[in-house]
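S.K.: Next up is a structure, given as structure tokens.
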Amino acid sequence: MTRVLTVAAAQLGPVQRSDARKDVVGRLIAHLREAKKQDCALVVFPELALTTFFPRWFMNDQQEIDRFFESEMPNQDTRPLFDEAKRLQLAFMLGYAERHSEKGRIHHYNTSILVDSQAHIVGKYRKVHLPGHAEHEPQRPFQHLEQRYFERGEGFSVWEAFDAKIGMCLCNDRRWPESYRVMGLQGAELILLGYNTPKHYPPAPEFDEHAMFHNHLVMQAGAHQNGSWVVAAAKAGNEEDIPMIGGSCIISPSGHIVAQAETESDELVVASCDLDLAQRYKHTLFNFQSHRYPPAYTAISNQ
Ligand code: CDT
């Protein structure tokens, strides 16, 4: 019997700084209900889905910064999302800013969780590749302060859930082949990722015209070279006057985009993913065991 999982990339239009969490959660719930109508089993939400992409602002006051973080998950604001997903028997991936307390120390991460159809958290990923910078750069039209607000996560895992092997990564991770390969080496058949990408890249504005091409290029390559599906959910549209690229999509292990967002608003992108097609690539063209030669790759981890 073939294993087919119908999934949705739940693109979000802009989330403004003034938007209340409960209103954003209402939009996520609307996505869940539409996903159920379209027979989905799993819904993928963007990176930092509950708030505006706050690393674009320089802040010094930790109390102000912490207002964008969640100290518990679920919490009062997100409980309705978990309850509705359980009622609909839908699994989901959610990106959010995590404030974590351990041994008397507070940590801040850019995190995603995998939640099963019974509303249990079955996987957690903390972003590894933190782009941007740590100090205020006033010459920029807007900041990208992920290196100021977050600590790096430890690495990439793959979880067995929904009769599939599922990996997670976040935004800038998708530009690095190592992210996919480490998940590929663990057998990932479906890689879930959320992203927030401004249309304008201040350090090299000449790249701007290629932003969507590069967005899809890296994910299509990552999917194909590892024989995995990729489900990618973006924020889109003008968020706090900063245009975000959107382009949410679902990519087959063949490398082709099989479904893609057409708008820069809240939009559900749906596809049925044949997980056995992932296995077909893993056993032929990208049979790691037969064809990779790790002794030739030591520079990748040594350098
Ligand atoms: N959120 C995130 O990682 N965004 C980056 C923006 C470009 S680097 C400043 C990305 O890779 O899409």
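Numbering starts fresh at 1 for the residues of each chain in the structure tokens, the chains themselves are lettered A, B, ... in the order given, and ligands are numbered from 1 as they appear.
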Counting only C-alpha atoms and all ligand atoms, name the residues that have an atom within 6 Å of an atom of ligand 1; the answer should be given as a list in words.
M.R.: Pro131, Gly132, His144, Cys171, Asn172, Tyr195, Asn196 and Thr197 of chain A
S.K.: Please provide the set of residues having any atom within 8 Å of A:Ala271, restricted to only C-alpha atoms, with same-chain residues fewer than 3 positions apart removed, written as JSON, numbers by chain.
M.R.: {"A": [6, 7, 8, 250, 258, 259]}
S.K.: Put those residues in a file: C-alpha atoms, as an mmCIF file, in the first residue's frame.
M.R.:
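The result, written out as part14.cif:
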data_model
loop_
_atom_site.group_PDB
_atom_site.id
_atom_site.type_symbol
_atom_site.label_atom_id
_atom_site.label_comp_id
_atom_site.auth_asym_id
_atom_site.auth_seq_id
_atom_site.Cartn_x
_atom_site.Cartn_y
_atom_site.Cartn_z
ATOM 1 C CA THR A 6 -1.979 15.226 2.176
ATOM 2 C CA VAL A 7 -0.307 18.327 3.581
ATOM 3 C CA ALA A 8 -0.851 22.078 3.554
ATOM 4 C CA ILE A 250 5.308 22.050 -1.819
ATOM 5 C CA VAL A 258 3.838 20.672 -7.255
ATOM 6 C CA ALA A 259 1.810 23.443 -5.563
#
S.K.: So that I can check the surroundings of A:Trp176, please list as a PyMOL selection string every protein, DNA and RNA residue that reaches within 12 Å of it, counting only C-alpha atoms and ignoring chain neighbours fewer than 6 positions away.
M.R.: chain A and resi 128-131+169-170+182-183+214-215+217-219+221-222+300
S.K.: Could you name the residues that touch A:Glu262 at 10 Å or less, counting only C-alpha atoms, but leaving out those on the same chain fewer than 6 positions away, as a PyMOL selection string?
M.R.: chain A and resi 246-249+268-269
S.K.: Could you dump the residues just selected with C-alpha atoms as a short mmCIF file (atom, residue, chain, number, x, y, z; two decimals), in the first residue's frame?
M.R.:
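What landed in result10.cif:
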data_model
loop_
_atom_site.label_atom_id
_atom_site.label_comp_id
_atom_site.auth_asym_id
_atom_site.auth_seq_id
_atom_site.Cartn_x
_atom_site.Cartn_y
_atom_site.Cartn_z
CA GLY A 246 5.84 34.71 0.15
CA GLY A 247 5.98 31.98 -2.52
CA SER A 248 4.94 29.15 -0.17
CA CYS A 249 5.16 25.83 -1.94
CA LEU A 268 -3.49 27.40 1.85
CA VAL A 269 -1.23 25.46 -0.54
#
S.K.: At a cut-off of 10 Å, using only C-alpha atoms, what residues contact A:Ile65? Leave out same-chain residues fewer than 4 positions from it and give the result as an MDAnalysis selection string.
M.R.: chainID A and resid 54:55 57:61 69 149
S.K.: Produce a file of the selected residues containing C-alpha atoms, as a short mmCIF file (atom, residue, chain, number, x, y, z; two decimals), in the first residue's frame.
M.R.:
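Contents of the output file part_35.cif:
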data_model
loop_
_atom_site.label_atom_id
_atom_site.label_comp_id
_atom_site.auth_asym_id
_atom_site.auth_seq_id
_atom_site.Cartn_x
_atom_site.Cartn_y
_atom_site.Cartn_z
CA PHE A 54 10.33 41.40 15.14
CA PRO A 55 14.10 40.94 14.39
CA TRP A 57 13.51 46.16 14.89
CA PHE A 58 16.38 47.09 17.18
CA MET A 59 15.39 46.75 20.84
CA ASN A 60 17.47 46.94 24.01
CA ASP A 61 14.86 46.51 26.70
CA PHE A 69 8.36 35.23 23.04
CA TYR A 149 17.62 37.92 19.94
#
S.K.: I need the residue nearest A:Asn75 from this list: A:Lys22, A:Arg105, A:Asn302, A:Ala232. Use only C-alpha atoms for the distance.
M.R.: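 Once distances to A:Asn75 are computed over only C-alpha atoms, the minimum belongs to A:Lys22.
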S.K.: Sorted by chain and rising residue number, which residues of stretch 143-172 of chain A lie within 10 Å of stretch 82-94 of chain A, and what are their closest atom pairs and distances in Å to one decimal, counting only C-alpha atoms, as a tab-separated table?
M.R.:
residue	atom	partner	partner_atom	distance
A:Ala161	CA	A:Ala91	CA	9.7
A:Phe162	CA	A:Ala91	CA	8.8
A:Met168	CA	A:Met93	CA	8.7
S.K.: How would you write, as a PyMOL selection string, the set of residues in stretch 31-181 of chain A that DSSP gives as helix (DSSP H, G or I)?
M.R.: chain A and resi 31-37+54-56+62-66+79-88+146-149+171-175+177-181
S.K.: Output N, CA, C and O atoms for every residue in that selection, as a short mmCIF file (atom, residue, chain, number, x, y, z; two decimals), in the first residue's frame.
M.R.:
data_model
loop_
_atom_site.label_atom_id
_atom_site.label_comp_id
_atom_site.auth_asym_id
_atom_site.auth_seq_id
_atom_site.Cartn_x
_atom_site.Cartn_y
_atom_site.Cartn_z
N HIS A 31 -7.14 28.55 8.83
CA HIS A 31 -6.35 27.68 7.96
C HIS A 31 -6.62 26.20 8.27
O HIS A 31 -6.76 25.38 7.36
N LEU A 32 -6.66 25.87 9.57
CA LEU A 32 -6.92 24.47 9.95
C LEU A 32 -8.26 24.00 9.39
O LEU A 32 -8.37 22.89 8.85
N ARG A 33 -9.27 24.86 9.51
CA ARG A 33 -10.61 24.44 9.06
C ARG A 33 -10.64 24.23 7.55
O ARG A 33 -11.24 23.27 7.06
N GLU A 34 -9.98 25.11 6.83
CA GLU A 34 -9.92 24.95 5.36
C GLU A 34 -9.11 23.69 5.01
O GLU A 34 -9.48 22.95 4.09
N ALA A 35 -8.04 23.45 5.76
CA ALA A 35 -7.21 22.26 5.51
C ALA A 35 -8.04 20.98 5.71
O ALA A 35 -7.90 20.02 4.96
N LYS A 36 -8.87 20.99 6.74
CA LYS A 36 -9.72 19.81 6.99
C LYS A 36 -10.66 19.58 5.81
O LYS A 36 -10.83 18.45 5.35
N LYS A 37 -11.24 20.70 5.30
CA LYS A 37 -12.15 20.56 4.14
C LYS A 37 -11.43 19.95 2.95
O LYS A 37 -12.03 19.27 2.14
N PHE A 54 9.80 40.32 14.28
CA PHE A 54 10.33 41.40 15.14
C PHE A 54 11.85 41.62 15.02
O PHE A 54 12.32 42.72 15.35
N PRO A 55 12.66 40.63 14.51
CA PRO A 55 14.10 40.94 14.39
C PRO A 55 14.40 42.09 13.43
O PRO A 55 15.55 42.53 13.33
N ARG A 56 13.37 42.61 12.76
CA ARG A 56 13.64 43.78 11.90
C ARG A 56 13.77 45.07 12.73
O ARG A 56 14.13 46.10 12.18
N GLN A 62 14.94 44.19 27.56
CA GLN A 62 14.62 42.76 27.50
C GLN A 62 13.12 42.50 27.73
O GLN A 62 12.56 41.56 27.16
N GLN A 63 12.50 43.36 28.54
CA GLN A 63 11.05 43.15 28.76
C GLN A 63 10.27 43.36 27.47
O GLN A 63 9.33 42.63 27.16
N GLU A 64 10.69 44.37 26.72
CA GLU A 64 10.03 44.65 25.43
C GLU A 64 10.28 43.48 24.47
O GLU A 64 9.37 43.02 23.78
N ILE A 65 11.51 42.98 24.44
CA ILE A 65 11.86 41.85 23.56
C ILE A 65 11.03 40.61 23.95
O ILE A 65 10.47 39.93 23.09
N ASP A 66 10.95 40.37 25.25
CA ASP A 66 10.28 39.15 25.71
C ASP A 66 8.80 39.11 25.37
O ASP A 66 8.19 38.03 25.36
N ARG A 79 -3.75 27.97 23.16
CA ARG A 79 -4.57 26.80 23.52
C ARG A 79 -5.71 26.56 22.51
O ARG A 79 -5.94 25.41 22.08
N PRO A 80 -6.41 27.62 22.05
CA PRO A 80 -7.50 27.38 21.08
C PRO A 80 -7.02 26.71 19.79
O PRO A 80 -7.76 25.94 19.17
N LEU A 81 -5.78 26.98 19.38
CA LEU A 81 -5.22 26.34 18.18
C LEU A 81 -5.06 24.84 18.42
O LEU A 81 -5.44 24.01 17.58
N PHE A 82 -4.49 24.50 19.58
CA PHE A 82 -4.29 23.08 19.91
C PHE A 82 -5.66 22.38 20.03
O PHE A 82 -5.82 21.26 19.55
N ASP A 83 -6.62 23.06 20.67
CA ASP A 83 -7.95 22.44 20.87
C ASP A 83 -8.64 22.18 19.53
O ASP A 83 -9.23 21.13 19.31
N GLU A 84 -8.56 23.18 18.64
CA GLU A 84 -9.24 23.02 17.35
C GLU A 84 -8.55 21.95 16.50
O GLU A 84 -9.22 21.16 15.81
N ALA A 85 -7.21 21.92 16.54
CA ALA A 85 -6.49 20.89 15.77
C ALA A 85 -6.88 19.49 16.27
O ALA A 85 -7.09 18.57 15.48
N LYS A 86 -7.02 19.36 17.59
CA LYS A 86 -7.41 18.05 18.15
C LYS A 86 -8.84 17.69 17.73
O LYS A 86 -9.11 16.56 17.33
N ARG A 87 -9.72 18.69 17.79
CA ARG A 87 -11.12 18.43 17.39
C ARG A 87 -11.17 17.98 15.91
O ARG A 87 -11.90 17.08 15.55
N LEU A 88 -10.34 18.61 15.09
CA LEU A 88 -10.34 18.29 13.65
C LEU A 88 -9.43 17.09 13.34
O LEU A 88 -9.37 16.64 12.20
N GLU A 146 18.46 38.62 14.17
CA GLU A 146 18.30 37.27 14.74
C GLU A 146 19.49 36.90 15.62
O GLU A 146 19.35 36.19 16.61
N GLN A 147 20.69 37.39 15.26
CA GLN A 147 21.87 37.05 16.07
C GLN A 147 21.85 37.77 17.41
O GLN A 147 22.62 37.42 18.31
N ARG A 148 21.01 38.79 17.54
CA ARG A 148 20.89 39.50 18.82
C ARG A 148 19.87 38.81 19.74
O ARG A 148 20.08 38.68 20.94
N TYR A 149 18.76 38.36 19.13
CA TYR A 149 17.62 37.92 19.94
C TYR A 149 17.59 36.42 20.21
O TYR A 149 16.84 35.98 21.09
N CYS A 171 13.63 28.77 7.82
CA CYS A 171 14.04 29.90 6.99
C CYS A 171 15.47 29.83 6.48
O CYS A 171 15.76 29.10 5.56
N ASN A 172 16.42 30.55 7.07
CA ASN A 172 17.78 30.61 6.52
C ASN A 172 18.41 29.22 6.43
O ASN A 172 19.26 28.99 5.55
N ASP A 173 17.99 28.28 7.28
CA ASP A 173 18.49 26.90 7.19
C ASP A 173 18.31 26.34 5.78
O ASP A 173 19.08 25.47 5.35
N ARG A 174 17.23 26.81 5.09
CA ARG A 174 16.92 26.22 3.78
C ARG A 174 17.95 26.58 2.72
O ARG A 174 17.96 25.99 1.65
N ARG A 175 18.79 27.58 2.99
CA ARG A 175 19.79 27.99 2.00
C ARG A 175 21.07 27.16 2.08
O ARG A 175 21.96 27.30 1.25
N PRO A 177 22.99 23.52 2.13
CA PRO A 177 22.80 22.10 1.78
C PRO A 177 23.00 21.17 2.97
O PRO A 177 22.40 20.10 3.04
N GLU A 178 23.84 21.62 3.92
CA GLU A 178 24.12 20.76 5.09
C GLU A 178 22.83 20.47 5.89
O GLU A 178 22.68 19.39 6.47
N SER A 179 21.92 21.44 5.93
CA SER A 179 20.67 21.24 6.71
C SER A 179 19.92 20.04 6.17
O SER A 179 19.52 19.14 6.91
N TYR A 180 19.71 20.05 4.84
CA TYR A 180 18.96 18.95 4.22
C TYR A 180 19.72 17.64 4.33
O TYR A 180 19.14 16.58 4.56
N ARG A 181 21.04 17.71 4.14
CA ARG A 181 21.81 16.46 4.11
C ARG A 181 21.80 15.78 5.48
O ARG A 181 21.68 14.55 5.57
#
S.K.: Given only C-alpha atoms as the basis, pick out the residue of A:Phe53, A:Leu185, A:Cys40, A:Leu12 nearest to A:Gln143.
M.R.: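 Among A:Phe53, A:Leu185, A:Cys40, A:Leu12, it is A:Phe53 that comes nearest to A:Gln143.
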S.K.: Please, which residues of stretch 204-292 of chain A, numbered as in this document, come out strand (DSSP E) from DSSP, as a list of chain:residue names?
M.R.: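 Result set for stretch 204-292 of chain A (strand (DSSP E)): A:Trp229, A:Val230, A:Val231, A:Ala232, A:Ala233, A:Ala234, A:Ala236, A:Gly237, A:Asn238, A:Glu239, A:Ile242, A:Pro243, A:Met244, A:Ile245, A:Cys249, A:Ile250, A:Ile251, A:Ile257, A:Val258, A:Ala259, A:Gln260, A:Glu267, A:Leu268, A:Val269, A:Val270, A:Ala271, A:Ser272, A:Cys273, A:Asp274.
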S.K.: One decimal, Å: what's the distance from atom CA of A:Ile113 over to atom CA of A:Ala9, could you say?
M.R.: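 These atoms are spaced 14.8 Å apart.
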